[in-house]
>>> print(open('work.tsv').read())   # TSV, C-alpha atoms
chain	number	residue	atom	x	y	z
H	1	MET	CA	37.38	51.25	-29.93
H	2	GLU	CA	35.19	51.96	-26.92
H	3	GLN	CA	31.65	50.57	-26.63
H	4	HIS	CA	28.93	52.80	-25.14
H	5	ALA	CA	25.16	52.96	-24.85
H	6	ILE	CA	22.80	55.86	-24.13
H	7	GLU	CA	19.08	55.67	-23.41
H	8	ILE	CA	17.14	58.46	-25.07
H	9	GLY	CA	13.37	58.71	-24.81
H	10	GLY	CA	13.05	55.01	-24.07
H	11	GLU	CA	15.28	54.02	-27.02
H	12	LEU	CA	18.72	52.50	-26.37
H	13	ILE	CA	21.41	53.70	-28.75
H	14	ARG	CA	24.59	51.62	-28.74
H	15	PHE	CA	27.65	53.10	-30.40
H	16	GLN	CA	31.36	52.59	-30.92
H	17	LEU	CA	33.62	55.49	-30.06
H	18	ARG	CA	36.80	55.95	-32.07
H	19	ARG	CA	39.19	58.70	-31.07
H	20	SER	CA	41.81	60.13	-33.41
H	21	GLN	CA	43.67	63.33	-34.23
H	22	ARG	CA	40.74	64.68	-36.18
H	23	LYS	CA	39.49	68.14	-35.25
H	24	THR	CA	35.77	67.61	-35.54
H	25	MET	CA	33.24	65.05	-34.34
H	26	GLY	CA	31.31	62.81	-36.71
H	27	ILE	CA	28.57	60.17	-36.47
H	28	SER	CA	27.82	57.48	-39.04
H	29	VAL	CA	25.40	54.55	-39.30
H	30	SER	CA	26.46	51.52	-41.36
H	31	PRO	CA	24.10	49.21	-43.29
H	32	ASP	CA	24.25	46.70	-40.41
H	33	GLN	CA	22.80	49.50	-38.21
H	34	ALA	CA	26.02	49.88	-36.18
H	35	VAL	CA	26.68	53.43	-34.97
H	36	LEU	CA	30.21	54.84	-35.07
H	37	VAL	CA	31.17	58.09	-33.35
H	38	SER	CA	34.50	59.56	-34.43
H	39	ALA	CA	35.86	62.19	-32.05
H	40	PRO	CA	39.06	64.15	-31.36
H	41	ASP	CA	41.46	62.57	-28.86
H	42	LYS	CA	40.85	65.28	-26.29
H	43	ALA	CA	37.07	65.54	-26.61
H	44	ASP	CA	35.19	65.27	-23.30
H	45	PHE	CA	32.81	62.33	-23.14
H	46	ALA	CA	30.09	64.71	-21.94
H	47	ASP	CA	30.38	66.58	-25.25
H	48	ILE	CA	30.31	63.31	-27.18
H	49	GLU	CA	27.21	62.16	-25.33
H	50	SER	CA	25.54	65.51	-25.95
H	51	ARG	CA	26.24	65.19	-29.67
H	52	VAL	CA	24.76	61.68	-29.78
H	53	ARG	CA	21.65	62.90	-27.99
H	54	LYS	CA	21.19	65.74	-30.45
H	55	LYS	CA	21.54	63.34	-33.37
H	56	ALA	CA	19.37	60.62	-31.81
H	57	GLY	CA	16.45	61.18	-34.18
H	58	TRP	CA	18.69	60.96	-37.23
H	59	ILE	CA	20.43	57.83	-35.90
H	60	LEU	CA	17.14	56.02	-35.26
H	61	ASP	CA	15.82	57.07	-38.66
H	62	LYS	CA	18.89	55.67	-40.43
H	63	GLN	CA	18.74	52.41	-38.47
H	64	ALA	CA	15.08	51.98	-39.40
H	65	GLU	CA	15.87	52.74	-43.04
H	66	PHE	CA	18.67	50.14	-43.17
H	67	SER	CA	16.51	47.64	-41.30
H	68	THR	CA	13.89	47.94	-44.02
H	69	ARG	CA	16.38	47.76	-46.86
H	70	SER	CA	18.03	44.63	-45.42
H	71	VAL	CA	15.15	42.47	-46.65
H	72	GLU	CA	14.27	42.49	-50.31
H	73	ALA	CA	10.60	42.75	-51.12
H	74	THR	CA	9.19	40.71	-53.98
H	75	PRO	CA	8.54	43.16	-56.84
H	76	ARG	CA	4.90	43.73	-57.62
H	77	GLN	CA	3.71	42.04	-60.78
H	78	PHE	CA	0.25	43.66	-60.81
H	79	LYS	CA	-1.36	40.38	-61.74
H	80	PRO	CA	-4.68	38.93	-60.56
H	81	GLY	CA	-4.32	37.18	-57.23
H	82	GLU	CA	-1.71	39.53	-55.72
H	83	THR	CA	-2.64	41.01	-52.36
H	84	PHE	CA	-2.86	44.71	-51.57
H	85	LEU	CA	-3.56	46.48	-48.29
H	86	HIS	CA	-6.30	49.03	-47.67
H	87	LEU	CA	-6.72	50.50	-44.17
H	88	GLY	CA	-4.83	47.54	-42.74
H	89	GLN	CA	-6.88	44.81	-44.42
H	90	GLN	CA	-5.61	42.46	-47.14
H	91	TYR	CA	-7.45	42.32	-50.47
H	92	ARG	CA	-6.75	40.18	-53.52
H	93	LEU	CA	-6.46	41.85	-56.89
H	94	ARG	CA	-9.04	40.92	-59.48
H	95	VAL	CA	-9.08	42.24	-63.03
H	96	ASP	CA	-12.45	42.25	-64.80
H	97	PRO	CA	-12.65	43.68	-68.33
H	98	ASP	CA	-16.43	43.87	-68.03
H	99	ARG	CA	-16.40	46.14	-64.97
H	100	VAL	CA	-15.83	49.88	-64.85
H	101	GLY	CA	-13.34	51.72	-62.63
H	102	VAL	CA	-11.68	50.38	-59.47
H	103	VAL	CA	-13.79	49.18	-56.56
H	104	ARG	CA	-13.28	47.37	-53.26
H	105	GLU	CA	-15.78	44.56	-53.10
H	106	GLY	CA	-15.77	41.89	-50.41
H	107	SER	CA	-12.24	40.53	-50.09
H	108	ARG	CA	-11.11	41.88	-53.46
H	109	ILE	CA	-9.98	45.06	-55.14
H	110	ILE	CA	-11.40	44.89	-58.65
H	111	VAL	CA	-9.81	46.80	-61.53
H	112	GLY	CA	-12.23	47.05	-64.43
H	113	ALA	CA	-12.21	47.78	-68.15
H	114	ILE	CA	-8.73	46.37	-68.63
H	115	GLN	CA	-7.09	43.06	-69.52
H	116	PRO	CA	-5.33	40.91	-66.87
H	117	ASN	CA	-1.99	41.05	-68.73
H	118	GLU	CA	-1.77	44.87	-68.83
H	119	ALA	CA	0.38	45.29	-65.72
H	120	ASP	CA	1.39	48.91	-66.33
H	121	ARG	CA	-2.18	50.05	-66.85
H	122	ILE	CA	-3.31	48.09	-63.78
H	123	ARG	CA	-0.63	49.81	-61.71
H	124	ASN	CA	-1.61	53.25	-62.96
H	125	ARG	CA	-5.26	52.66	-62.13
H	126	LEU	CA	-4.37	51.43	-58.65
H	127	VAL	CA	-2.22	54.53	-58.07
H	128	ARG	CA	-5.16	56.79	-58.97
H	129	TRP	CA	-7.53	54.75	-56.81
H	130	TYR	CA	-5.23	54.85	-53.79
H	131	MET	CA	-4.88	58.61	-54.14
H	132	LYS	CA	-8.66	58.98	-54.22
H	133	GLU	CA	-8.96	56.79	-51.12
H	134	ALA	CA	-6.21	58.72	-49.35
H	135	ARG	CA	-8.01	62.01	-49.95
H	136	GLN	CA	-11.08	60.48	-48.35
H	137	HIS	CA	-9.53	58.81	-45.31
H	138	LEU	CA	-6.40	60.76	-44.32
H	139	PRO	CA	-8.20	64.02	-43.46
H	140	ALA	CA	-10.22	62.03	-40.93
H	141	ALA	CA	-6.99	61.04	-39.17
H	142	LEU	CA	-6.05	64.69	-38.80
H	143	GLU	CA	-9.44	65.43	-37.27
H	144	ARG	CA	-8.98	62.54	-34.81
H	145	CYS	CA	-5.57	63.72	-33.67
H	146	LEU	CA	-6.07	67.48	-33.50
H	147	PRO	CA	-7.99	67.58	-30.19
H	148	VAL	CA	-5.08	65.95	-28.36
H	149	PHE	CA	-2.75	68.72	-29.58
H	150	ARG	CA	-5.13	71.63	-28.98
H	151	LYS	CA	-2.63	73.40	-26.69
H	152	GLU	CA	0.24	73.22	-29.19
H	153	VAL	CA	-1.73	73.53	-32.44
H	154	GLU	CA	-3.87	76.65	-32.30
H	155	ARG	CA	-5.28	76.26	-35.82
H	156	LYS	CA	-5.64	73.31	-38.13
H	157	PRO	CA	-2.71	72.99	-40.53
H	158	LYS	CA	-3.20	72.87	-44.27
H	159	LEU	CA	-3.22	69.22	-45.37
H	160	LEU	CA	-1.53	68.03	-48.56
H	161	ILE	CA	-1.51	64.40	-49.70
H	162	ARG	CA	1.39	63.48	-51.94
H	163	PRO	CA	3.49	60.53	-53.10
H	164	ILE	CA	6.64	60.89	-50.98
H	165	LYS	CA	9.61	58.61	-51.56
H	166	MET	CA	11.53	59.09	-48.32
H	167	ARG	CA	8.99	59.89	-45.62
H	168	TRP	CA	5.56	59.00	-44.30
H	169	GLY	CA	4.81	62.60	-43.52
H	170	SER	CA	6.28	66.04	-42.96
H	171	TYR	CA	5.37	69.25	-41.17
H	172	ILE	CA	6.44	72.56	-42.72
H	173	SER	CA	6.38	75.21	-40.03
H	174	ALA	CA	6.84	78.18	-42.40
H	175	THR	CA	3.47	77.51	-44.05
H	176	HIS	CA	1.85	75.49	-41.24
H	177	THR	CA	1.38	72.61	-43.68
H	178	LEU	CA	1.06	68.90	-42.95
H	179	ILE	CA	2.08	66.63	-45.82
H	180	LEU	CA	1.04	62.96	-45.69
H	181	ASN	CA	2.13	60.16	-47.97
H	182	ARG	CA	-0.70	58.69	-49.99
H	183	SER	CA	0.60	55.18	-49.20
H	184	LEU	CA	-0.63	55.63	-45.62
H	185	VAL	CA	-4.15	54.74	-46.75
H	186	GLN	CA	-2.96	51.14	-46.93
H	187	VAL	CA	-2.27	50.85	-43.18
H	188	SER	CA	-4.69	50.67	-40.27
H	189	PRO	CA	-6.11	53.88	-38.75
H	190	PRO	CA	-4.00	53.57	-35.54
H	191	LEU	CA	-0.82	53.59	-37.64
H	192	ILE	CA	-2.06	56.52	-39.71
H	193	ASP	CA	-2.79	58.35	-36.46
H	194	TYR	CA	0.78	57.69	-35.28
H	195	VAL	CA	2.22	59.45	-38.34
H	196	VAL	CA	-0.17	62.37	-37.94
H	197	ALA	CA	0.60	62.68	-34.22
H	198	HIS	CA	4.33	62.52	-34.91
H	199	GLU	CA	4.08	65.42	-37.36
H	200	LEU	CA	1.76	67.47	-35.14
H	201	ALA	CA	4.31	67.09	-32.34
H	202	HIS	CA	6.74	68.93	-34.62
H	203	VAL	CA	4.57	72.04	-34.39
H	204	GLY	CA	6.20	72.72	-31.03
H	205	TYR	CA	9.50	70.90	-31.53
H	206	GLY	CA	11.53	70.99	-34.71
H	207	ASP	CA	13.83	68.07	-33.93
H	208	HIS	CA	13.54	64.60	-32.41
H	209	GLY	CA	15.14	65.54	-29.10
H	210	PRO	CA	14.02	64.55	-25.59
H	211	ALA	CA	11.39	67.31	-25.39
H	212	PHE	CA	9.79	66.15	-28.64
H	213	THR	CA	9.81	62.52	-27.47
H	214	ALA	CA	8.29	63.43	-24.10
H	215	ASN	CA	5.53	65.41	-25.79
H	216	LEU	CA	4.69	62.62	-28.23
H	217	THR	CA	4.73	60.05	-25.41
H	218	GLU	CA	2.32	62.17	-23.39
H	219	LYS	CA	-0.07	62.44	-26.33
H	220	MET	CA	0.31	58.85	-27.58
H	221	PRO	CA	1.90	56.56	-24.96
H	222	ASP	CA	2.09	53.55	-27.32
H	223	TRP	CA	3.67	55.40	-30.24
H	224	ARG	CA	6.76	53.16	-30.25
H	225	THR	CA	4.60	50.07	-30.73
H	226	ARG	CA	2.80	51.75	-33.62
H	227	LYS	CA	6.09	52.88	-35.15
H	228	ARG	CA	7.50	49.34	-35.08
H	229	ALA	CA	4.31	47.98	-36.64
H	230	LEU	CA	4.56	50.53	-39.45
H	231	GLU	CA	8.20	49.65	-40.06
H	232	LYS	CA	7.37	45.94	-40.30
H	233	LEU	CA	4.60	46.64	-42.81
H	234	GLY	CA	6.78	48.72	-45.09
H	235	LEU	CA	7.84	45.88	-47.35
H	236	GLU	CA	4.27	44.73	-47.90
H	237	LEU	CA	2.99	48.12	-48.99
H	238	PHE	CA	2.53	49.11	-52.58
H	239	ASP	CA	4.46	52.25	-53.51
H	240	ALA	CA	5.76	52.65	-49.93
H	241	PRO	CA	8.56	55.03	-49.00
H	242	ILE	CA	11.86	54.12	-47.41
H	243	LEU	CA	10.98	54.07	-43.74
H	244	ARG	CA	12.22	56.73	-41.38
>>> encode(input="work.tsv", output="C-alpha cells")
Amino acid sequence: MEQHAIEIGGELIRFQLRRSQRKTMGISVSPDQAVLVSAPDKADFADIESRVRKKAGWILDKQAEFSTRSVEATPRQFKPGETFLHLGQQYRLRVDPDRVGVVREGSRIIVGAIQPNEADRIRNRLVRWYMKEARQHLPAALERCLPVFRKEVERKPKLLIRPIKMRWGSYISATHTLILNRSLVQVSPPLIDYVVAHELAHVGYGDHGPAFTANLTEKMPDWRTRKRALEKLGLELFDAPILR
C-alpha cells in the first residue's frame, strides 16, 4: 500500500492508499486512528486527494473520537471526595444531609438533604444542578462570540441547551438554532467559546472544508489549541459526550 500525507487547514492527515478492482472510493478510520483510502486501480490521485480533502472534517472527528476512547476513564462513584469540574475549576464533592439543595461553596460542591451512600440520588441532583448552571453560563458565551461573527450571523440564533451524547454542540441552519451540550459548563470559558465559535462558523459553511477552517482561524486563531485542550479534558468530565 502507498503512504501519503495531505495538509488541510494546518492539520496533517496521513493515510494509506490501497488500490483494487473496486468501482467506488472509500475512506475508513481504524481504532488506532490510521486512515485507509480504498480506490479503484485507475483512479487519478488528484481525485483521491480531493476526496480526502472533502472528508477531512469527518476523518479528524473520528480520530479524536478514537483517541478519547483509547483510554478508559474511571467510572464515577458519586461518593464524597470525588472531584468535579465547574467552569474549568476542580471541586470536591461533599454530601451534607443537613443542607438543602446543591451549592458551590469554596473548593467544594455540596449536595444537601441526602445521605452519602445514595449514589443514584446524588448523581440525579448533580445533573439537575449542572443543567441549571449551564442555562446561566452558556448564553453568556454566545453573547461573547456573536460580535466576532456579525458579518456572517445577521441575527442571534435560538439557543437550546441539551444533554448530547455525541457532540459538544450543533448548528441547525433550517431553524437557525444553536444547540450546546450542558456538559460544557464544566470547562473553562475559553473552551466554551471555542465550541460556540465552531458552531457559529457553520452559519456560513455547512462542512469542515478549507473555507470553514479559514473562517474559524480568522475569528479565533488559537482554536486548535482550545480544541486539543477540550479533547484532553473529555475523560475527566462528568456526563461528557464522545469527543468530535
>>> residues_around(input="work.tsv", residues="Trp58 of chain H", least_positions_apart="4", cutoff="9 Å", atoms="all atoms listed in the file", output="PDB file with C-alpha atoms, keeping the file's coordinate frame")
ATOM      1  CA  LYS H  54      21.190  65.740 -30.450  1.00  0.00           C
ATOM      2  CA  LYS H  62      18.890  55.670 -40.430  1.00  0.00           C
ATOM      3  CA  GLN H  63      18.740  52.410 -38.470  1.00  0.00           C
ATOM      4  CA  HIS H 208      13.540  64.600 -32.410  1.00  0.00           C
ATOM      5  CA  ARG H 244      12.220  56.730 -41.380  1.00  0.00           C
TER       6      ARG H 244
END
>>> closest_residue(input="work.tsv", among="H:Thr24, H:Ser173, H:Ser107, H:Asn181", to="Asp47 of chain H", atoms="only C-alpha atoms")
H:Thr24
>>> residues_near_point(input="work.tsv", point="(-10.0, 45.3, -36.5)", cutoff="10 Å", atoms="only C-alpha atoms", output="list in words")
Leu87, Gly88, Gln89, Ser188 and Pro189 of chain H
>>> residues_around(input="work.tsv", residues="Leu93 of chain H", least_positions_apart="5", cutoff="10 Å", atoms="all atoms listed in the file", output="list in words")
Phe78, Lys79, Pro80, Gly81, Glu82, Thr83, Phe84, Arg104, Ser107, Arg108, Ile109, Ile110, Val111, Ile122 and Leu126 of chain H
>>> closest_residue(input="work.tsv", among="H:Thr213, H:Thr225, H:Ser50, H:Gln136", to="Arg182 of chain H", atoms="only C-alpha atoms")
H:Gln136
>>> atom_distance(input="work.tsv", atom1="atom CA of Met25 of chain H", atom2="atom CA of Gly204 of chain H")
28.3 Å
>>> atom_distance(input="work.tsv", atom1="atom CA of Arg155 of chain H", atom2="atom CA of Ala197 of chain H")
14.9 Å
>>> atom_distance(input="work.tsv", atom1="atom CA of Ala119 of chain H", atom2="atom CA of Gly101 of chain H")
15.5 Å
>>> closest_residue(input="work.tsv", among="H:Lys42, H:Arg53, H:His137, H:Lys23", to="Glu11 of chain H", atoms="all atoms listed in the file")
H:Arg53
>>> closest_residue(input="work.tsv", among="H:Lys151, H:Lys227, H:Lys219, H:His86", to="Tyr194 of chain H", atoms="all atoms listed in the file")
H:Lys227
>>> residues_around(input="work.tsv", residues="Gln16 of chain H", least_positions_apart="4", cutoff="10 Å", atoms="all atoms listed in the file", output="PyMOL selection string")
chain H and resi 1-5+27+34-38
>>> closest_residue(input="work.tsv", among="H:Ile179, H:Val103, H:Ile8, H:Val195", to="Ala211 of chain H", atoms="only C-alpha atoms")
H:Ile8
>>> closest_residue(input="work.tsv", among="H:Ala113, H:Val187, H:Leu146, H:Val153", to="Glu133 of chain H", atoms="only C-alpha atoms")
H:Val187
>>> residues_around(input="work.tsv", residues="Ile172 of chain H", least_positions_apart="6", cutoff="12 Å", atoms="all atoms listed in the file", output="list in words")
Pro157, Lys158, Leu159, Leu160, Leu178, Ile179, Leu180, Glu199, Leu200, Ala201, His202, Val203, Gly204, Tyr205 and Gly206 of chain H
>>> decode(input="work.tsv", residues="segment 35-160 of chain H", atoms="C-alpha atoms", output="compact mmCIF listing (two decimals), in the first residue's frame")
# COMPACT_ATOMS: atom_id res chain seq x y z
CA VAL H 35 -6.67 6.25 7.80
CA LEU H 36 -7.20 3.88 4.88
CA VAL H 37 -8.31 5.07 1.45
CA SER H 38 -9.55 2.33 -0.88
CA ALA H 39 -9.71 3.38 -4.53
CA PRO H 40 -10.19 1.86 -8.00
CA ASP H 41 -6.99 0.87 -9.81
CA LYS H 42 -7.41 3.59 -12.42
CA ALA H 43 -8.44 6.43 -10.13
CA ASP H 44 -6.39 9.62 -10.56
CA PHE H 45 -4.52 10.67 -7.45
CA ALA H 46 -5.95 14.17 -7.86
CA ASP H 47 -9.44 12.71 -7.42
CA ILE H 48 -8.29 10.71 -4.41
CA GLU H 49 -6.74 13.78 -2.82
CA SER H 50 -9.90 15.78 -3.49
CA ARG H 51 -11.98 13.10 -1.76
CA VAL H 52 -9.70 13.11 1.29
CA ARG H 53 -9.95 16.89 1.50
CA LYS H 54 -13.73 16.77 1.37
CA LYS H 55 -13.81 14.17 4.13
CA ALA H 56 -11.14 15.88 6.25
CA GLY H 57 -13.59 17.04 8.92
CA TRP H 58 -15.05 13.56 9.31
CA ILE H 59 -11.57 11.97 9.43
CA LEU H 60 -10.36 14.32 12.16
CA ASP H 61 -13.58 13.82 14.12
CA LYS H 62 -13.19 10.03 14.03
CA GLN H 63 -9.53 10.22 15.05
CA ALA H 64 -10.42 12.44 18.01
CA GLU H 65 -13.22 10.06 18.98
CA PHE H 66 -10.93 7.01 18.91
CA SER H 67 -8.22 8.95 20.74
CA THR H 68 -10.65 9.60 23.57
CA ARG H 69 -11.95 6.05 23.67
CA SER H 70 -8.43 4.59 23.79
CA VAL H 71 -8.11 5.50 27.47
CA GLU H 72 -10.66 4.19 29.91
CA ALA H 73 -12.00 6.69 32.40
CA THR H 74 -12.59 5.60 35.98
CA PRO H 75 -16.37 5.30 36.40
CA ARG H 76 -17.91 7.89 38.67
CA GLN H 77 -18.92 6.56 42.06
CA PHE H 78 -20.71 9.75 43.20
CA LYS H 79 -19.16 9.49 46.62
CA PRO H 80 -17.87 12.27 48.87
CA GLY H 81 -14.34 13.27 47.96
CA GLU H 82 -14.66 12.78 44.18
CA THR H 83 -13.71 15.80 42.09
CA PHE H 84 -15.97 17.54 39.59
CA LEU H 85 -15.25 20.42 37.23
CA HIS H 86 -17.19 23.67 37.03
CA LEU H 87 -16.06 26.37 34.57
CA GLY H 88 -12.63 24.76 34.45
CA GLN H 89 -12.05 24.61 38.21
CA GLN H 90 -11.87 21.41 40.28
CA TYR H 91 -14.25 20.98 43.22
CA ARG H 92 -14.54 18.11 45.68
CA LEU H 93 -17.93 16.57 46.27
CA ARG H 94 -19.35 16.88 49.75
CA VAL H 95 -22.66 15.37 50.85
CA ASP H 96 -24.38 17.04 53.81
CA PRO H 97 -27.78 15.70 54.92
CA ASP H 98 -28.35 18.87 56.94
CA ARG H 99 -28.02 21.21 53.95
CA VAL H 100 -30.62 21.98 51.29
CA GLY H 101 -30.11 21.82 47.52
CA VAL H 102 -26.78 21.84 45.66
CA VAL H 103 -24.35 24.71 46.14
CA ARG H 104 -20.77 25.56 45.18
CA GLU H 105 -19.01 26.73 48.29
CA GLY H 106 -15.28 27.37 48.47
CA SER H 107 -13.47 24.38 46.98
CA ARG H 108 -16.48 22.07 47.26
CA ILE H 109 -19.74 21.24 45.55
CA ILE H 110 -22.15 20.39 48.36
CA VAL H 111 -25.17 18.15 47.77
CA GLY H 112 -27.65 18.54 50.60
CA ALA H 113 -30.62 16.72 52.11
CA ILE H 114 -29.31 13.31 51.10
CA GLN H 115 -27.17 10.53 52.56
CA PRO H 116 -23.55 9.94 51.39
CA ASN H 117 -24.32 6.37 50.27
CA GLU H 118 -27.18 7.31 47.90
CA ALA H 119 -25.10 7.46 44.72
CA ASP H 120 -28.01 7.45 42.26
CA ARG H 121 -29.78 10.30 44.01
CA ILE H 122 -26.51 12.26 44.25
CA ARG H 123 -25.98 11.83 40.51
CA ASN H 124 -29.52 12.97 39.70
CA ARG H 125 -29.14 16.09 41.82
CA LEU H 126 -25.81 16.91 40.19
CA VAL H 127 -27.37 16.51 36.73
CA ARG H 128 -30.11 19.00 37.62
CA TRP H 129 -27.59 21.40 39.14
CA TYR H 130 -25.31 21.29 36.11
CA MET H 131 -28.26 21.97 33.83
CA LYS H 132 -29.21 24.99 35.93
CA GLU H 133 -25.62 26.24 35.80
CA ALA H 134 -25.44 25.66 32.05
CA ARG H 135 -28.56 27.74 31.48
CA GLN H 136 -26.89 30.55 33.41
CA HIS H 137 -23.41 30.48 31.88
CA LEU H 138 -23.69 29.18 28.30
CA PRO H 139 -25.84 32.05 26.98
CA ALA H 140 -23.05 34.40 28.07
CA ALA H 141 -20.63 32.54 25.79
CA LEU H 142 -22.94 33.13 22.83
CA GLU H 143 -23.05 36.84 23.64
CA ARG H 144 -19.23 36.93 23.80
CA CYS H 145 -18.79 35.27 20.43
CA LEU H 146 -21.55 36.89 18.39
CA PRO H 147 -19.78 40.23 17.75
CA VAL H 148 -16.89 38.46 16.01
CA PHE H 149 -19.35 36.83 13.58
CA ARG H 150 -21.50 39.91 12.97
CA LYS H 151 -20.90 39.75 9.19
CA GLU H 152 -21.92 36.09 8.88
CA VAL H 153 -24.60 35.95 11.58
CA GLU H 154 -27.18 38.65 10.93
CA ARG H 155 -29.42 37.71 13.86
CA LYS H 156 -28.80 35.82 17.06
CA PRO H 157 -29.64 32.13 16.75
CA LYS H 158 -32.08 30.43 19.08
CA LEU H 159 -30.10 28.73 21.85
CA LEU H 160 -31.02 25.31 23.23
